[in-house]
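Here is the structure we will look at, set down as structure tokens.
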Amino acid sequence: MKPSIPKGTRDFSPVEVTRRTYIFDTIKRVFQKFGYQPIETPVMENLSTLTGKYGEEGDQLIFKVLNSGDFLSKADAKKLEDRNSKALTFEISEKALRYDLTVPFARYVVMHQNEIAMPFKRYQVQPVWRADRPQKGRYREFYQCDADVVGSESLLNEAEFVCIYDEALSNLGLNDFTIKINNRKILSGIAEIIGKPELIVDMTVAIDKLDKIGYDGVVKELIERGFNEQDVEILRPFIELSGSNEEKLQVLRSSLRSTEIGKKGIEELETIFSYLSAFELKKAKVELDITLARGLNYYTGAIFEVKSNEVQMGSIGGGGRYDDLTGMFGLKGVTGAGISFGADRIYDVMLDLNLFPESAVISTKVLITNFDANAEKYALPILAKLRAEGVNTELYPSSSKLQKQMKYADAKRIPYVILIGDEEIQSGQLTIKNMISGEQEKLAIESIIAKLA
RNA sequence: GUGGUUUUAGCUCAGUUGGUUAGAGCGCCUGAUUGUGGUUCAGGAGGUCGUGGGUUCGAGCCCCAUAUUCCACCCCA
């Protein structure tokens with residue numbers, strides 16, 4: 001049979017794993033610097049834990065795991081007879097692959113509430129799965145790098161998220177990216193002013209597309225979603241909001257002064273910006289964007305999204321505050337806020353921009369050639385010595401033709417080759433070749449160690 | 001889930017209105033060079049043309065189904 005892998009999944013070869021590890025490590029280091037601690041959760045959750053958390057569309061994108069054993073005989077005969085897949089799902093599947101890291105984290109917090117100290121700051125870097133149709137930058141298996149804090153209302157957390165994005169992405173070499181920030185309460189305030197608070201989701205979905213379909217497109221969609229011409233006129237200044245963050249806030253302050261929730265949202269944003277003024281950002285641009293509405297419906301306060309300005313790509317990160325995430329698991333009144341990095345998309349962006357350091361792909365530093373059984377025996381203690389000094393070293397495992405061994409070193413981009421033949425064994429002076437310059441010299445093992453370690 | 005697109009050697013791709021034995025570049029292997037890779041030269045191997053059906057005297061090319069790639073929606077990292 002011809003081997004293949006499921007749609008939307010990928011193999012990662014050594015170079016890619018090295019690069020991905022570099023991304024993960026860079027992000028993790030920043031999380032740790034801000035006081036976040038790692039946890040891990042199972043790849044599978046109970047299906048009931050996940051359903052209903054991501055909306056109806058989200059539920060469809062959850063990969064369900066078939067029950068073990070003779071699951072069909074235990075299933076409801078009527079539902080089976082009706083061939084009703086939706087109704088049958090819960091009869092034959094009680095586990096599912098995790099869809100994101102936030103809901104499993106909420107579950108974790110509730111289950112471990114007695115062991116964790118609030119505020120609890122955790123980070124988590126693990127794969128998630130979505131039964132989506134793959135495209136560029138969209139996979140069915142991909143990694144999320146999440147940092148969330150629960151049990152702290154302080155907007156300092158939000159400000160620090162901006163710093164985390166800035167530091168991590170700057171460290172990865174991105175030069176031009178924008179952290180967009182908005183507040184769900186402002187969107188609620190706008191919906192309130194229009195007098196259609198129940199249509200807030202339709203409103204946000206429509207204005208979120210401003211970038212893509214333009215103002216006229218947004219208006220068309222708003223009308224389709226139940227707004228009239230008057231509503232659109234009220235909305236217009238919000239959608240066309242421009243200028244600096246301070247200028248935008250000023251406009252919002254006056255137009256939202258009649259709504260309590262809107263005012264609260266502005267206040268929160270002001271606090272975040274005020275915190276941010278105490279920090280110096282490296283490369284990030286921070287932009288108040290009223291059209292930013294993406295993300296899950298459970299956001300209640302700040303909303304974040306990060307986009308690269310150098311490469312055409314979907315968002316490379318997102319997050320926000322959710323006031324009652326653990327409520328659905330029975331723990332009320334615990335507020336949370338978090339952000340996520342899309343490592344796979346960051347990888348694609350960095351590849352496009354050629355940002356991976358060359359050193360990230362070197363694995364072996366020196367190869368010892370294998371002339372014959374005698375030379376191999378002579379090389380073993382040298383091999384051990386180099387490794388003891390922390391030098392990544394390998395001995396070619398068989399006495400193949402030297403040409404083959406050199407080719408191997410070249411293909412693996414090993415920068416040094418040590419040649420040991422009868423001559424070297426007699427003199428104790430080993431030949432070391434620099435594969436980049438092509439130069440070679442004879443050195444005692446101590447000098448070689450000094451050179452490589 | 002809707003609409004379109006891609007698939008030919010290990011990789012990137014040619015392949016004419018359906019017509020003899022399906023090609024190129026790169027890579028790989030062997031030798032020139034039994035102690036030297038990356039350069040050069042000579043030679044060589046490698047293909048059920050994504051898969052399964054169908055039309056035809058004849059299919060890489062036409063038709064149907066299916067998988068896969070990428071793209072636009074929907075939604076999202």
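Please note that chains go A, B, ... in the order of the structure tokens, that every chain numbers its residues from 1, and that ligands are numbered from 1 in the order shown.
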
Which neighbours of Asp352 in chain A fall inside 12 Å, counting only C-alpha atoms (C1' of nucleotides), when residues of the same chain fewer than 6 positions from it are skipped, and could you give them as a list in words?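 The contact residues come out as Leu174, Ser308, Glu310, Val311, Gln312, Met313, Arg345 and Ile346 of chain A.
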
Quick one: which chain B residues come within 12 Å of chain A, and what is the nearest atom pair for each with the distance in Å to one decimal, counting only C-alpha atoms (C1' of nucleotides), rows ordered by chain and ascending number, as a Markdown table?
| residue | atom | partner | partner_atom | distance |
| --- | --- | --- | --- | --- |
| B:G1 | C1' | A:Gln60 | CA | 9.5 |
| B:U2 | C1' | A:Arg133 | CA | 11.7 |
| B:G27 | C1' | A:Ala411 | CA | 11.8 |
| B:C29 | C1' | A:Lys404 | CA | 11.5 |
| B:U33 | C1' | A:Gln403 | CA | 9.4 |
| B:U34 | C1' | A:Lys401 | CA | 8.6 |
| B:G35 | C1' | A:Leu402 | CA | 7.3 |
| B:U36 | C1' | A:Gln403 | CA | 6.4 |
| B:G37 | C1' | A:Met406 | CA | 4.5 |
| B:G38 | C1' | A:Asp410 | CA | 7.0 |
| B:U48 | C1' | A:Lys2 | CA | 11.8 |
| B:G50 | C1' | A:Lys2 | CA | 9.9 |
| B:U51 | C1' | A:Lys2 | CA | 10.0 |
| B:A67 | C1' | A:Lys7 | CA | 9.5 |
| B:U68 | C1' | A:Lys7 | CA | 7.5 |
| B:U69 | C1' | A:Gln135 | CA | 9.1 |
| B:C70 | C1' | A:Gln135 | CA | 6.8 |
| B:C71 | C1' | A:Gln135 | CA | 7.7 |
| B:A72 | C1' | A:Gln135 | CA | 10.5 |
| B:C73 | C1' | A:Arg133 | CA | 11.7 |
| B:C74 | C1' | A:Glu57 | CA | 9.0 |
| B:C75 | C1' | A:Glu57 | CA | 7.4 |
| B:C76 | C1' | A:Gly295 | CA | 7.9 |
| B:A77 | C1' | A:Gly342 | CA | 4.4 |

Neighbouring residues of Glu153 in chain A were defined as those with any atom within 10 Å, considering only C-alpha atoms (C1' of nucleotides); residues of the same chain fewer than 6 positions away were excluded. Please report them as a count of residues only. 7

Need to verify the contact set: Asn370 in chain A, 7 Å, only C-alpha atoms (C1' of nucleotides), exclusion of same-chain residues closer than 4 positions in sequence. Can you return it as a compact mmCIF listing (two decimals) with N, CA and C atoms, in the first residue's frame?
# COMPACT_ATOMS: atom_id res chain seq x y z
N ALA A 375 41.33 1.65 13.47
CA ALA A 375 41.09 3.08 13.65
C ALA A 375 39.83 3.32 14.47
N GLU A 376 38.85 2.48 14.25
CA GLU A 376 37.59 2.62 15.00
C GLU A 376 37.86 2.46 16.48
N LEU A 395 30.82 9.17 15.49
CA LEU A 395 31.81 8.37 14.79
C LEU A 395 31.07 7.64 13.69
N TYR A 396 31.58 7.74 12.46
CA TYR A 396 30.89 7.05 11.37
C TYR A 396 30.84 5.57 11.72
N SER A 398 30.56 2.69 10.33
CA SER A 398 31.18 1.56 9.63
C SER A 398 32.32 2.09 8.78
N SER A 399 33.22 1.21 8.41
CA SER A 399 34.39 1.68 7.65
C SER A 399 34.08 1.70 6.16

Neighbour list for range 36-50 of chain A as number ranges by chain, cut-off 9 Å, only C-alpha atoms (C1' of nucleotides), skip fewer than 6 positions in-chain: A: 28, 30, 59, 62, 64-65, 90, 93-99, 101, 103-105, 107-108, 120-128, 147-149, 329

Of the candidates A:Ser73, A:Ser188, A:Thr102, A:Gln426, which one gets nearest to Asn374 in chain A if we count only C-alpha atoms? A:Gln426

Every residue of range 10-126 of chain A that DSSP places in alpha helix (DSSP H), as a PyMOL selection string: chain A and resi 14-33+47-50+55-60+71-74+77-82+85-92+102-111

For G43 in chain B, find every residue with an atom within 12 Å (counting only C-alpha atoms (C1' of nucleotides)), except residues of its own chain fewer than 4 positions away, and show them as number ranges by chain. B: 29-32

Let's have the selection written as a PDB file, in the first residue's frame, with N, CA, C and O atoms (P, O5', C5', C4', C3', O3' and C1' of nucleotides).
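Final file, part.pdb:
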ATOM      1  P     C B  29      24.540   8.641  -3.273  1.00  0.00           P
ATOM      2  O5'   C B  29      24.719   7.423  -4.281  1.00  0.00           O
ATOM      3  C5'   C B  29      24.133   6.155  -3.998  1.00  0.00           C
ATOM      4  C4'   C B  29      24.322   5.233  -5.172  1.00  0.00           C
ATOM      5  C3'   C B  29      25.756   5.107  -5.674  1.00  0.00           C
ATOM      6  O3'   C B  29      26.511   4.190  -4.907  1.00  0.00           O
ATOM      7  C1'   C B  29      24.309   5.448  -7.507  1.00  0.00           C
ATOM      8  P     U B  30      28.076   4.410  -4.772  1.00  0.00           P
ATOM      9  O5'   U B  30      28.608   4.062  -6.225  1.00  0.00           O
ATOM     10  C5'   U B  30      28.542   2.727  -6.713  1.00  0.00           C
ATOM     11  C4'   U B  30      29.119   2.647  -8.099  1.00  0.00           C
ATOM     12  C3'   U B  30      30.502   3.264  -8.278  1.00  0.00           C
ATOM     13  O3'   U B  30      31.539   2.412  -7.816  1.00  0.00           O
ATOM     14  C1'   U B  30      29.112   3.943 -10.053  1.00  0.00           C
ATOM     15  P     G B  31      32.869   3.046  -7.258  1.00  0.00           P
ATOM     16  O5'   G B  31      33.568   3.664  -8.556  1.00  0.00           O
ATOM     17  C5'   G B  31      34.147   2.802  -9.523  1.00  0.00           C
ATOM     18  C4'   G B  31      34.500   3.552 -10.766  1.00  0.00           C
ATOM     19  C3'   G B  31      35.560   4.648 -10.631  1.00  0.00           C
ATOM     20  O3'   G B  31      36.865   4.117 -10.553  1.00  0.00           O
ATOM     21  C1'   G B  31      33.791   5.422 -11.981  1.00  0.00           C
ATOM     22  P     A B  32      38.030   4.896  -9.880  1.00  0.00           P
ATOM     23  O5'   A B  32      38.286   6.106 -10.890  1.00  0.00           O
ATOM     24  C5'   A B  32      38.834   5.871 -12.175  1.00  0.00           C
ATOM     25  C4'   A B  32      38.988   7.161 -12.933  1.00  0.00           C
ATOM     26  C3'   A B  32      39.806   8.231 -12.213  1.00  0.00           C
ATOM     27  O3'   A B  32      41.194   8.021 -12.394  1.00  0.00           O
ATOM     28  C1'   A B  32      37.837   9.191 -13.114  1.00  0.00           C
TER      29        A B  32
END
